[in-house]
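Working notes, beginning with the structure itself.
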Amino acid sequence: MKVDAEDVRYFHVVANSGTLVQAGQELGVDHTTVSRRVQRLEHALGMMLFTRTRTGWVLNTNGQALLPAARTLALGYDVFTEGDPSQIGPEEWTVLTSDGFASTVLAPRCADLLADGRVSLRIVSAPSLASRDGVSYDVAVVRSRPSSPSVRSKLLARYEIGLYATEAYLSRSQPIRTVADLEQHVLSWYAEDPMAGIPEFDALRRKLPTSIRLQSNNLNVHEQAALAGAGLAVMPTYTAQQHDELVRVLPDEIVFYGSYWTVLPAAQLRWQVTERVLEFLGDAVRDAGLVLPASQTRDD
């Protein structure tokens, strides 16, 4: 079996983009060329790598198994084709995680990481692994421990969810003494999306108003709506505590304790890089004030 390395690179780009047109734009070729190169690779391997759909190409089981190796090859492709090791550039890290964790936990920790130019960080926002199936990543951070044998998982940190509003909103609105009083208020929370994989949704939904008047699967929308005085929002305590103007409402009734898990592809081939990404994630959750597992606590 003889495989062309550039065909593997095309496969990697299509896997990440999901469509031939987008892959062609990234590679600087026509989409028909992309299709031809991927089909040639499939022929050489004797197996299909994608399921063709009306909206794009989705990795099948064969493609998912080969994706880590394809990513490793793609990262070094330019070095070998240009013949100049000095052109390696920064080490590329890809972290797959939710919007809230990305903006509140990871982004504030990026300055030191990126300062010396040795690392390029790619944060791919997604509420769950299922919603970005087939994406190539070093480490994913999710809120439910996956059961798939194709990944390995480990507890990263624990978090708490509460209900918040500004003092200004509460002072001009109907008083909130019980959960039933919430029916008279505007509340911002997640949309009912079965692909989102948000454990706190099922745990808290029955306690909240029948009508959620502002729905979004982006945590930043809830945060900004609450800060603007639009109403109440359910959000992590580590996010709300960054804003002095936010007040917690019904702390004993509206509460959820969850966990963040790190997830690694079982076929991970870049273990040294992965260890550095995991160390970065550990420092980020410490800085954000999340509760760490006992084995990960550290006296600074």
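As shown in the structure tokens, the chain order sets the letters A, B, ...; within each chain, residues go from 1, and ligands are also counted from 1 in the order they appear.
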Q: Enumerate as a ChimeraX atom specification all residues of segment 68-289 of chain A assigned to strand (DSSP E) by DSSP on the backbone, naming them with the chain letters and numbers the document uses.
A: /A:91-97,119-125,139-142,151-166,187-189,214-215,232-236,246-249,256-265
Using only C-alpha atoms, which residues of segment 28-116 of chain A come within 12 Å of segment 178-200 of chain A, and what is the closest atom pair for each, with the distance in Å to one decimal? Give it as JSON lines, sorted by chain and residue number.
{"residue": "A:Thr97", "atom": "CA", "partner": "A:Ala196", "partner_atom": "CA", "distance": 11.7}
{"residue": "A:Ser98", "atom": "CA", "partner": "A:Ala196", "partner_atom": "CA", "distance": 9.7}
{"residue": "A:Asp99", "atom": "CA", "partner": "A:Ala196", "partner_atom": "CA", "distance": 11.7}
Q. Counting only C-alpha atoms, what is within 10 Å of Leu281 of chain A, bar same-chain residues fewer than 3 positions away, as an MDAnalysis selection string?
A. chainID A and resid 95 105:106 109 139 141 156:157 262 275:278 284:287
Selected residues written out with N, CA and C atoms, as a short mmCIF file (atom, residue, chain, number, x, y, z; two decimals), in the first residue's frame:
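Written output follows (out.cif):
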data_model
loop_
_atom_site.label_atom_id
_atom_site.label_comp_id
_atom_site.auth_asym_id
_atom_site.auth_seq_id
_atom_site.Cartn_x
_atom_site.Cartn_y
_atom_site.Cartn_z
N VAL A 95 -7.54 23.08 21.57
CA VAL A 95 -8.38 22.73 22.72
C VAL A 95 -9.84 22.90 22.31
N VAL A 105 -12.10 31.03 31.53
CA VAL A 105 -11.00 30.27 32.14
C VAL A 105 -9.74 30.30 31.27
N LEU A 106 -9.88 30.00 29.99
CA LEU A 106 -8.70 29.88 29.13
C LEU A 106 -8.14 31.23 28.66
N ARG A 109 -5.71 33.25 30.71
CA ARG A 109 -4.44 32.59 30.99
C ARG A 109 -3.52 32.60 29.77
N VAL A 139 -6.67 18.24 23.33
CA VAL A 139 -7.43 17.98 24.55
C VAL A 139 -8.79 18.65 24.41
N VAL A 141 -12.29 19.75 26.74
CA VAL A 141 -12.80 19.95 28.10
C VAL A 141 -14.32 19.93 28.01
N LEU A 156 -10.93 17.21 35.74
CA LEU A 156 -10.09 18.41 35.75
C LEU A 156 -10.44 19.33 36.91
N ALA A 157 -11.71 19.64 37.10
CA ALA A 157 -12.13 20.56 38.15
C ALA A 157 -13.63 20.45 38.35
N THR A 262 -11.21 16.46 31.30
CA THR A 262 -10.34 16.53 30.13
C THR A 262 -10.49 15.23 29.35
N GLU A 275 0.86 16.69 27.25
CA GLU A 275 1.22 16.95 28.65
C GLU A 275 1.35 18.44 28.90
N ARG A 276 1.89 19.18 27.94
CA ARG A 276 2.01 20.63 28.12
C ARG A 276 0.64 21.31 28.09
N VAL A 277 -0.25 20.82 27.23
CA VAL A 277 -1.60 21.38 27.19
C VAL A 277 -2.32 21.12 28.51
N LEU A 278 -2.19 19.91 29.05
CA LEU A 278 -2.83 19.56 30.31
C LEU A 278 -2.30 20.42 31.46
N ALA A 284 -4.82 27.11 34.41
CA ALA A 284 -5.95 27.99 34.09
C ALA A 284 -7.10 27.82 35.08
N VAL A 285 -7.43 26.57 35.43
CA VAL A 285 -8.54 26.38 36.36
C VAL A 285 -8.16 26.82 37.78
N ARG A 286 -6.88 26.70 38.13
CA ARG A 286 -6.44 27.22 39.44
C ARG A 286 -6.61 28.74 39.49
N ASP A 287 -6.17 29.40 38.43
CA ASP A 287 -6.27 30.86 38.38
C ASP A 287 -7.72 31.33 38.43
#
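For Ala102 of chain A, the non-local neighbours within 12 Å, defined as residues at least 6 positions apart in the same chain or in other chains and counting only C-alpha atoms, are Thr94, Val95, Leu96, Pro108, Arg109, Cys110, Leu121, Arg122, Ile123, Val124, Ser125, Ala126, Pro127, Ala140, Val141, Val142, Asn218, Leu219, Asn220, Thr239, Leu281, Ala284, Val285 and Ala288 of chain A.
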Q. Residues of segment 45-208 of chain A in alpha helix (DSSP H) according to DSSP, as a ChimeraX atom specification?
A. /A:45,61-82,99-101,110-114,167-172,199-204
Just write the chosen residues, N, CA and C atoms, as a compact mmCIF listing (two decimals), in the first residue's frame.
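Output saved as selection_25.txt:
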# COMPACT_ATOMS: atom_id res chain seq x y z
N LEU A 45 -5.97 3.07 0.57
CA LEU A 45 -6.18 2.41 1.86
C LEU A 45 -7.16 1.24 1.77
N THR A 61 -16.11 5.81 11.01
CA THR A 61 -15.26 5.18 12.03
C THR A 61 -13.82 5.04 11.55
N ASN A 62 -13.63 4.69 10.28
CA ASN A 62 -12.28 4.56 9.73
C ASN A 62 -11.55 5.89 9.77
N GLY A 63 -12.24 6.95 9.33
CA GLY A 63 -11.62 8.27 9.31
C GLY A 63 -11.27 8.77 10.68
N GLN A 64 -12.16 8.54 11.65
CA GLN A 64 -11.89 8.98 13.02
C GLN A 64 -10.65 8.29 13.59
N ALA A 65 -10.47 7.02 13.27
CA ALA A 65 -9.32 6.28 13.78
C ALA A 65 -8.01 6.79 13.19
N LEU A 66 -8.05 7.29 11.95
CA LEU A 66 -6.84 7.75 11.28
C LEU A 66 -6.56 9.24 11.50
N LEU A 67 -7.52 9.98 12.05
CA LEU A 67 -7.38 11.43 12.17
C LEU A 67 -6.16 11.86 13.00
N PRO A 68 -5.88 11.26 14.17
CA PRO A 68 -4.69 11.70 14.93
C PRO A 68 -3.39 11.58 14.14
N ALA A 69 -3.23 10.47 13.40
CA ALA A 69 -2.02 10.29 12.60
C ALA A 69 -1.96 11.30 11.46
N ALA A 70 -3.12 11.60 10.86
CA ALA A 70 -3.16 12.58 9.78
C ALA A 70 -2.79 13.97 10.30
N ARG A 71 -3.24 14.29 11.50
CA ARG A 71 -2.93 15.61 12.07
C ARG A 71 -1.43 15.74 12.31
N THR A 72 -0.81 14.69 12.83
CA THR A 72 0.64 14.73 13.07
C THR A 72 1.39 14.96 11.76
N LEU A 73 0.97 14.27 10.71
CA LEU A 73 1.62 14.45 9.41
C LEU A 73 1.40 15.86 8.88
N ALA A 74 0.16 16.36 9.01
CA ALA A 74 -0.15 17.68 8.46
C ALA A 74 0.65 18.77 9.14
N LEU A 75 0.88 18.65 10.45
CA LEU A 75 1.62 19.68 11.17
C LEU A 75 3.06 19.81 10.67
N GLY A 76 3.62 18.69 10.19
CA GLY A 76 5.01 18.75 9.72
C GLY A 76 5.15 18.80 8.21
N TYR A 77 4.04 18.89 7.50
CA TYR A 77 4.09 18.81 6.04
C TYR A 77 4.91 19.93 5.43
N ASP A 78 4.67 21.17 5.85
CA ASP A 78 5.37 22.30 5.26
C ASP A 78 6.87 22.25 5.52
N VAL A 79 7.25 21.72 6.67
CA VAL A 79 8.67 21.62 6.98
C VAL A 79 9.37 20.72 5.98
N PHE A 80 8.77 19.57 5.68
CA PHE A 80 9.41 18.63 4.76
C PHE A 80 9.34 19.11 3.32
N THR A 81 8.23 19.72 2.91
CA THR A 81 8.13 20.16 1.52
C THR A 81 9.04 21.34 1.23
N GLU A 82 9.26 22.22 2.24
CA GLU A 82 10.13 23.36 2.04
C GLU A 82 11.58 23.05 2.35
N ASP A 99 -18.05 27.62 25.20
CA ASP A 99 -17.81 29.06 25.12
C ASP A 99 -17.44 29.65 26.46
N GLY A 100 -18.19 29.29 27.50
CA GLY A 100 -17.94 29.87 28.81
C GLY A 100 -16.58 29.54 29.37
N PHE A 101 -16.19 28.29 29.29
CA PHE A 101 -14.88 27.87 29.78
C PHE A 101 -13.78 28.53 28.96
N CYS A 110 -3.97 33.12 28.65
CA CYS A 110 -3.23 33.00 27.38
C CYS A 110 -2.01 33.91 27.28
N ALA A 111 -1.98 35.01 27.99
CA ALA A 111 -0.91 36.00 27.79
C ALA A 111 0.48 35.41 27.99
N ASP A 112 0.69 34.75 29.12
CA ASP A 112 2.00 34.16 29.38
C ASP A 112 2.33 33.05 28.40
N LEU A 113 1.32 32.27 28.04
CA LEU A 113 1.53 31.15 27.13
C LEU A 113 2.02 31.61 25.76
N LEU A 114 1.43 32.69 25.26
CA LEU A 114 1.69 33.12 23.90
C LEU A 114 2.81 34.16 23.79
N GLU A 167 -28.11 44.25 41.05
CA GLU A 167 -28.87 44.90 42.12
C GLU A 167 -29.91 45.86 41.54
N ALA A 168 -29.54 46.51 40.44
CA ALA A 168 -30.47 47.47 39.82
C ALA A 168 -31.73 46.75 39.32
N TYR A 169 -31.55 45.61 38.68
CA TYR A 169 -32.70 44.86 38.18
C TYR A 169 -33.59 44.41 39.34
N LEU A 170 -32.97 43.87 40.38
CA LEU A 170 -33.74 43.35 41.51
C LEU A 170 -34.50 44.46 42.24
N SER A 171 -33.90 45.64 42.32
CA SER A 171 -34.53 46.75 43.05
C SER A 171 -35.78 47.28 42.35
N ARG A 172 -35.86 47.14 41.02
CA ARG A 172 -37.01 47.68 40.30
C ARG A 172 -38.02 46.60 39.91
N PRO A 199 -25.24 19.05 31.36
CA PRO A 199 -25.86 18.29 32.46
C PRO A 199 -26.73 19.14 33.37
N GLU A 200 -26.36 20.43 33.57
CA GLU A 200 -27.16 21.26 34.46
C GLU A 200 -28.54 21.59 33.90
N PHE A 201 -28.72 21.39 32.59
CA PHE A 201 -30.02 21.70 32.00
C PHE A 201 -31.11 20.82 32.61
N ASP A 202 -30.91 19.49 32.55
CA ASP A 202 -31.91 18.57 33.08
C ASP A 202 -32.06 18.73 34.59
N ALA A 203 -30.97 19.03 35.29
CA ALA A 203 -31.01 19.13 36.74
C ALA A 203 -31.81 20.34 37.22
N LEU A 204 -31.79 21.44 36.46
CA LEU A 204 -32.40 22.68 36.91
C LEU A 204 -33.67 23.07 36.17
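Our summary of the geometry notes that atom CA of His243 of chain A is positioned 26.4 Å from atom CA of Ser211 of chain A.
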Q.
So that I can check the surroundings of Ala226 of chain A, please list as a PyMOL selection string every protein, DNA and RNA residue that reaches within 10 Å of it, counting only C-alpha atoms and ignoring chain neighbours fewer than 4 positions away.
A. chain A and resi 163-166+169+186-188+220-222+230-235+240+245-246
May I have the selected residues written with N, CA and C atoms, as a PDB file, in the first residue's frame?
ATOM      1  N   LEU A 163     -27.964  31.321  40.231  1.00  0.00           N
ATOM      2  CA  LEU A 163     -28.846  32.270  39.552  1.00  0.00           C
ATOM      3  C   LEU A 163     -28.463  33.685  39.971  1.00  0.00           C
ATOM      4  N   TYR A 164     -28.294  34.590  38.977  1.00  0.00           N
ATOM      5  CA  TYR A 164     -27.779  35.932  39.262  1.00  0.00           C
ATOM      6  C   TYR A 164     -28.564  37.011  38.527  1.00  0.00           C
ATOM      7  N   ALA A 165     -28.523  38.208  39.126  1.00  0.00           N
ATOM      8  CA  ALA A 165     -29.074  39.416  38.496  1.00  0.00           C
ATOM      9  C   ALA A 165     -28.359  40.614  39.104  1.00  0.00           C
ATOM     10  N   THR A 166     -28.478  41.757  38.461  1.00  0.00           N
ATOM     11  CA  THR A 166     -27.867  42.962  39.020  1.00  0.00           C
ATOM     12  C   THR A 166     -28.745  43.508  40.149  1.00  0.00           C
ATOM     13  N   TYR A 169     -31.546  45.606  38.678  1.00  0.00           N
ATOM     14  CA  TYR A 169     -32.704  44.861  38.182  1.00  0.00           C
ATOM     15  C   TYR A 169     -33.591  44.413  39.343  1.00  0.00           C
ATOM     16  N   VAL A 186     -37.948  37.861  33.701  1.00  0.00           N
ATOM     17  CA  VAL A 186     -37.218  37.459  32.493  1.00  0.00           C
ATOM     18  C   VAL A 186     -36.010  36.632  32.925  1.00  0.00           C
ATOM     19  N   LEU A 187     -35.839  35.500  32.290  1.00  0.00           N
ATOM     20  CA  LEU A 187     -34.694  34.652  32.621  1.00  0.00           C
ATOM     21  C   LEU A 187     -33.974  34.240  31.356  1.00  0.00           C
ATOM     22  N   SER A 188     -32.641  34.332  31.389  1.00  0.00           N
ATOM     23  CA  SER A 188     -31.795  33.917  30.263  1.00  0.00           C
ATOM     24  C   SER A 188     -31.146  32.589  30.598  1.00  0.00           C
ATOM     25  N   ASN A 220     -21.914  33.359  27.327  1.00  0.00           N
ATOM     26  CA  ASN A 220     -21.623  34.793  27.320  1.00  0.00           C
ATOM     27  C   ASN A 220     -22.886  35.627  27.084  1.00  0.00           C
ATOM     28  N   VAL A 221     -23.837  35.067  26.362  1.00  0.00           N
ATOM     29  CA  VAL A 221     -25.105  35.766  26.144  1.00  0.00           C
ATOM     30  C   VAL A 221     -25.839  35.937  27.470  1.00  0.00           C
ATOM     31  N   HIS A 222     -25.890  34.892  28.274  1.00  0.00           N
ATOM     32  CA  HIS A 222     -26.548  34.967  29.578  1.00  0.00           C
ATOM     33  C   HIS A 222     -25.858  36.016  30.463  1.00  0.00           C
ATOM     34  N   ALA A 230     -31.240  42.954  31.854  1.00  0.00           N
ATOM     35  CA  ALA A 230     -32.375  42.402  31.118  1.00  0.00           C
ATOM     36  C   ALA A 230     -33.201  41.444  31.971  1.00  0.00           C
ATOM     37  N   GLY A 231     -32.577  40.852  32.972  1.00  0.00           N
ATOM     38  CA  GLY A 231     -33.271  39.886  33.816  1.00  0.00           C
ATOM     39  C   GLY A 231     -32.279  39.054  34.592  1.00  0.00           C
ATOM     40  N   LEU A 232     -32.682  37.832  34.929  1.00  0.00           N
ATOM     41  CA  LEU A 232     -31.830  36.920  35.666  1.00  0.00           C
ATOM     42  C   LEU A 232     -31.158  35.961  34.704  1.00  0.00           C
ATOM     43  N   ALA A 233     -30.018  35.402  35.137  1.00  0.00           N
ATOM     44  CA  ALA A 233     -29.304  34.438  34.309  1.00  0.00           C
ATOM     45  C   ALA A 233     -28.698  33.358  35.187  1.00  0.00           C
ATOM     46  N   VAL A 234     -28.740  32.128  34.695  1.00  0.00           N
ATOM     47  CA  VAL A 234     -28.082  31.006  35.356  1.00  0.00           C
ATOM     48  C   VAL A 234     -26.672  30.920  34.797  1.00  0.00           C
ATOM     49  N   MET A 235     -25.679  30.929  35.690  1.00  0.00           N
ATOM     50  CA  MET A 235     -24.293  30.901  35.226  1.00  0.00           C
ATOM     51  C   MET A 235     -23.381  30.333  36.302  1.00  0.00           C
ATOM     52  N   ALA A 240     -19.752  34.631  37.550  1.00  0.00           N
ATOM     53  CA  ALA A 240     -20.496  35.712  38.195  1.00  0.00           C
ATOM     54  C   ALA A 240     -19.641  36.473  39.203  1.00  0.00           C
ATOM     55  N   GLU A 245     -21.424  43.784  40.547  1.00  0.00           N
ATOM     56  CA  GLU A 245     -22.808  44.230  40.456  1.00  0.00           C
ATOM     57  C   GLU A 245     -23.815  43.076  40.429  1.00  0.00           C
ATOM     58  N   LEU A 246     -23.332  41.836  40.255  1.00  0.00           N
ATOM     59  CA  LEU A 246     -24.237  40.690  40.217  1.00  0.00           C
ATOM     60  C   LEU A 246     -24.493  40.154  41.625  1.00  0.00           C
TER      61      LEU A 246
END
Q: Can you pull out every residue within 12 Å of Val38 of chain A, counting only C-alpha atoms, but drop anything in the same chain fewer than 6 positions away, and send it as a ChimeraX atom specification?
A: /A:3-15,20,23-24,31-32,44-45,47-50,57,59,63
Could the residues in this selection be written to a file with N, CA and C atoms, as an mmCIF file, in the first residue's frame?
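Done, and the output landed in again.cif:
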data_model
loop_
_atom_site.group_PDB
_atom_site.id
_atom_site.type_symbol
_atom_site.label_atom_id
_atom_site.label_comp_id
_atom_site.auth_asym_id
_atom_site.auth_seq_id
_atom_site.Cartn_x
_atom_site.Cartn_y
_atom_site.Cartn_z
ATOM 1 N N VAL A 3 0.859 5.350 0.022
ATOM 2 C CA VAL A 3 0.002 6.498 0.327
ATOM 3 C C VAL A 3 0.776 7.784 0.107
ATOM 4 N N ASP A 4 0.161 8.738 -0.560
ATOM 5 C CA ASP A 4 0.767 10.047 -0.798
ATOM 6 C C ASP A 4 0.535 10.940 0.420
ATOM 7 N N ALA A 5 1.619 11.521 0.952
ATOM 8 C CA ALA A 5 1.509 12.358 2.147
ATOM 9 C C ALA A 5 0.604 13.565 1.910
ATOM 10 N N GLU A 6 0.624 14.114 0.706
ATOM 11 C CA GLU A 6 -0.227 15.276 0.445
ATOM 12 C C GLU A 6 -1.700 14.884 0.421
ATOM 13 N N ASP A 7 -1.992 13.647 -0.021
ATOM 14 C CA ASP A 7 -3.373 13.169 0.044
ATOM 15 C C ASP A 7 -3.836 13.109 1.495
ATOM 16 N N VAL A 8 -2.949 12.705 2.380
ATOM 17 C CA VAL A 8 -3.285 12.653 3.804
ATOM 18 C C VAL A 8 -3.562 14.059 4.322
ATOM 19 N N ARG A 9 -2.774 15.029 3.863
ATOM 20 C CA ARG A 9 -3.010 16.414 4.278
ATOM 21 C C ARG A 9 -4.378 16.899 3.804
ATOM 22 N N TYR A 10 -4.775 16.547 2.595
ATOM 23 C CA TYR A 10 -6.105 16.910 2.095
ATOM 24 C C TYR A 10 -7.185 16.279 2.976
ATOM 25 N N PHE A 11 -6.982 15.017 3.325
ATOM 26 C CA PHE A 11 -7.926 14.325 4.204
ATOM 27 C C PHE A 11 -8.078 15.074 5.520
ATOM 28 N N HIS A 12 -6.977 15.534 6.100
ATOM 29 C CA HIS A 12 -6.998 16.241 7.375
ATOM 30 C C HIS A 12 -7.770 17.555 7.254
ATOM 31 N N VAL A 13 -7.568 18.286 6.187
ATOM 32 C CA VAL A 13 -8.251 19.566 5.999
ATOM 33 C C VAL A 13 -9.754 19.357 5.822
ATOM 34 N N VAL A 14 -10.147 18.358 5.050
ATOM 35 C CA VAL A 14 -11.570 18.075 4.859
ATOM 36 C C VAL A 14 -12.203 17.649 6.183
ATOM 37 N N ALA A 15 -11.481 16.851 6.963
ATOM 38 C CA ALA A 15 -12.004 16.398 8.254
ATOM 39 C C ALA A 15 -12.319 17.575 9.161
ATOM 40 N N LEU A 20 -16.111 20.196 0.991
ATOM 41 C CA LEU A 20 -15.077 20.251 -0.037
ATOM 42 C C LEU A 20 -14.772 21.696 -0.433
ATOM 43 N N ALA A 23 -12.651 23.322 2.274
ATOM 44 C CA ALA A 23 -11.320 22.717 2.239
ATOM 45 C C ALA A 23 -10.530 23.222 1.041
ATOM 46 N N GLY A 24 -11.202 23.346 -0.106
ATOM 47 C CA GLY A 24 -10.534 23.846 -1.298
ATOM 48 C C GLY A 24 -10.042 25.270 -1.127
ATOM 49 N N HIS A 31 -12.581 22.573 -5.482
ATOM 50 C CA HIS A 31 -13.157 21.512 -4.648
ATOM 51 C C HIS A 31 -13.107 20.149 -5.327
ATOM 52 N N THR A 32 -13.105 20.135 -6.666
ATOM 53 C CA THR A 32 -13.017 18.852 -7.364
ATOM 54 C C THR A 32 -11.651 18.203 -7.148
ATOM 55 N N ALA A 44 -6.239 3.937 -2.044
ATOM 56 C CA ALA A 44 -4.964 3.370 -1.603
ATOM 57 C C ALA A 44 -5.119 2.592 -0.302
ATOM 58 N N LEU A 45 -5.972 3.072 0.572
ATOM 59 C CA LEU A 45 -6.183 2.415 1.858
ATOM 60 C C LEU A 45 -7.163 1.244 1.772
ATOM 61 N N MET A 47 -10.452 1.605 1.895
ATOM 62 C CA MET A 47 -11.569 1.863 2.809
ATOM 63 C C MET A 47 -12.092 3.267 2.618
ATOM 64 N N MET A 48 -13.353 3.451 2.932
ATOM 65 C CA MET A 48 -13.951 4.781 2.921
ATOM 66 C C MET A 48 -13.607 5.493 4.222
ATOM 67 N N LEU A 49 -13.385 6.809 4.143
ATOM 68 C CA LEU A 49 -13.026 7.594 5.314
ATOM 69 C C LEU A 49 -14.132 8.567 5.727
ATOM 70 N N PHE A 50 -15.021 8.863 4.792
ATOM 71 C CA PHE A 50 -16.090 9.825 5.060
ATOM 72 C C PHE A 50 -17.450 9.242 4.679
ATOM 73 N N TRP A 57 -19.114 16.414 4.260
ATOM 74 C CA TRP A 57 -18.489 15.111 4.459
ATOM 75 C C TRP A 57 -18.217 14.927 5.940
ATOM 76 N N LEU A 59 -16.663 12.374 8.964
ATOM 77 C CA LEU A 59 -15.779 11.235 9.192
ATOM 78 C C LEU A 59 -16.565 10.011 9.648
ATOM 79 N N GLY A 63 -12.239 6.952 9.332
ATOM 80 C CA GLY A 63 -11.622 8.269 9.305
ATOM 81 C C GLY A 63 -11.272 8.774 10.680
#
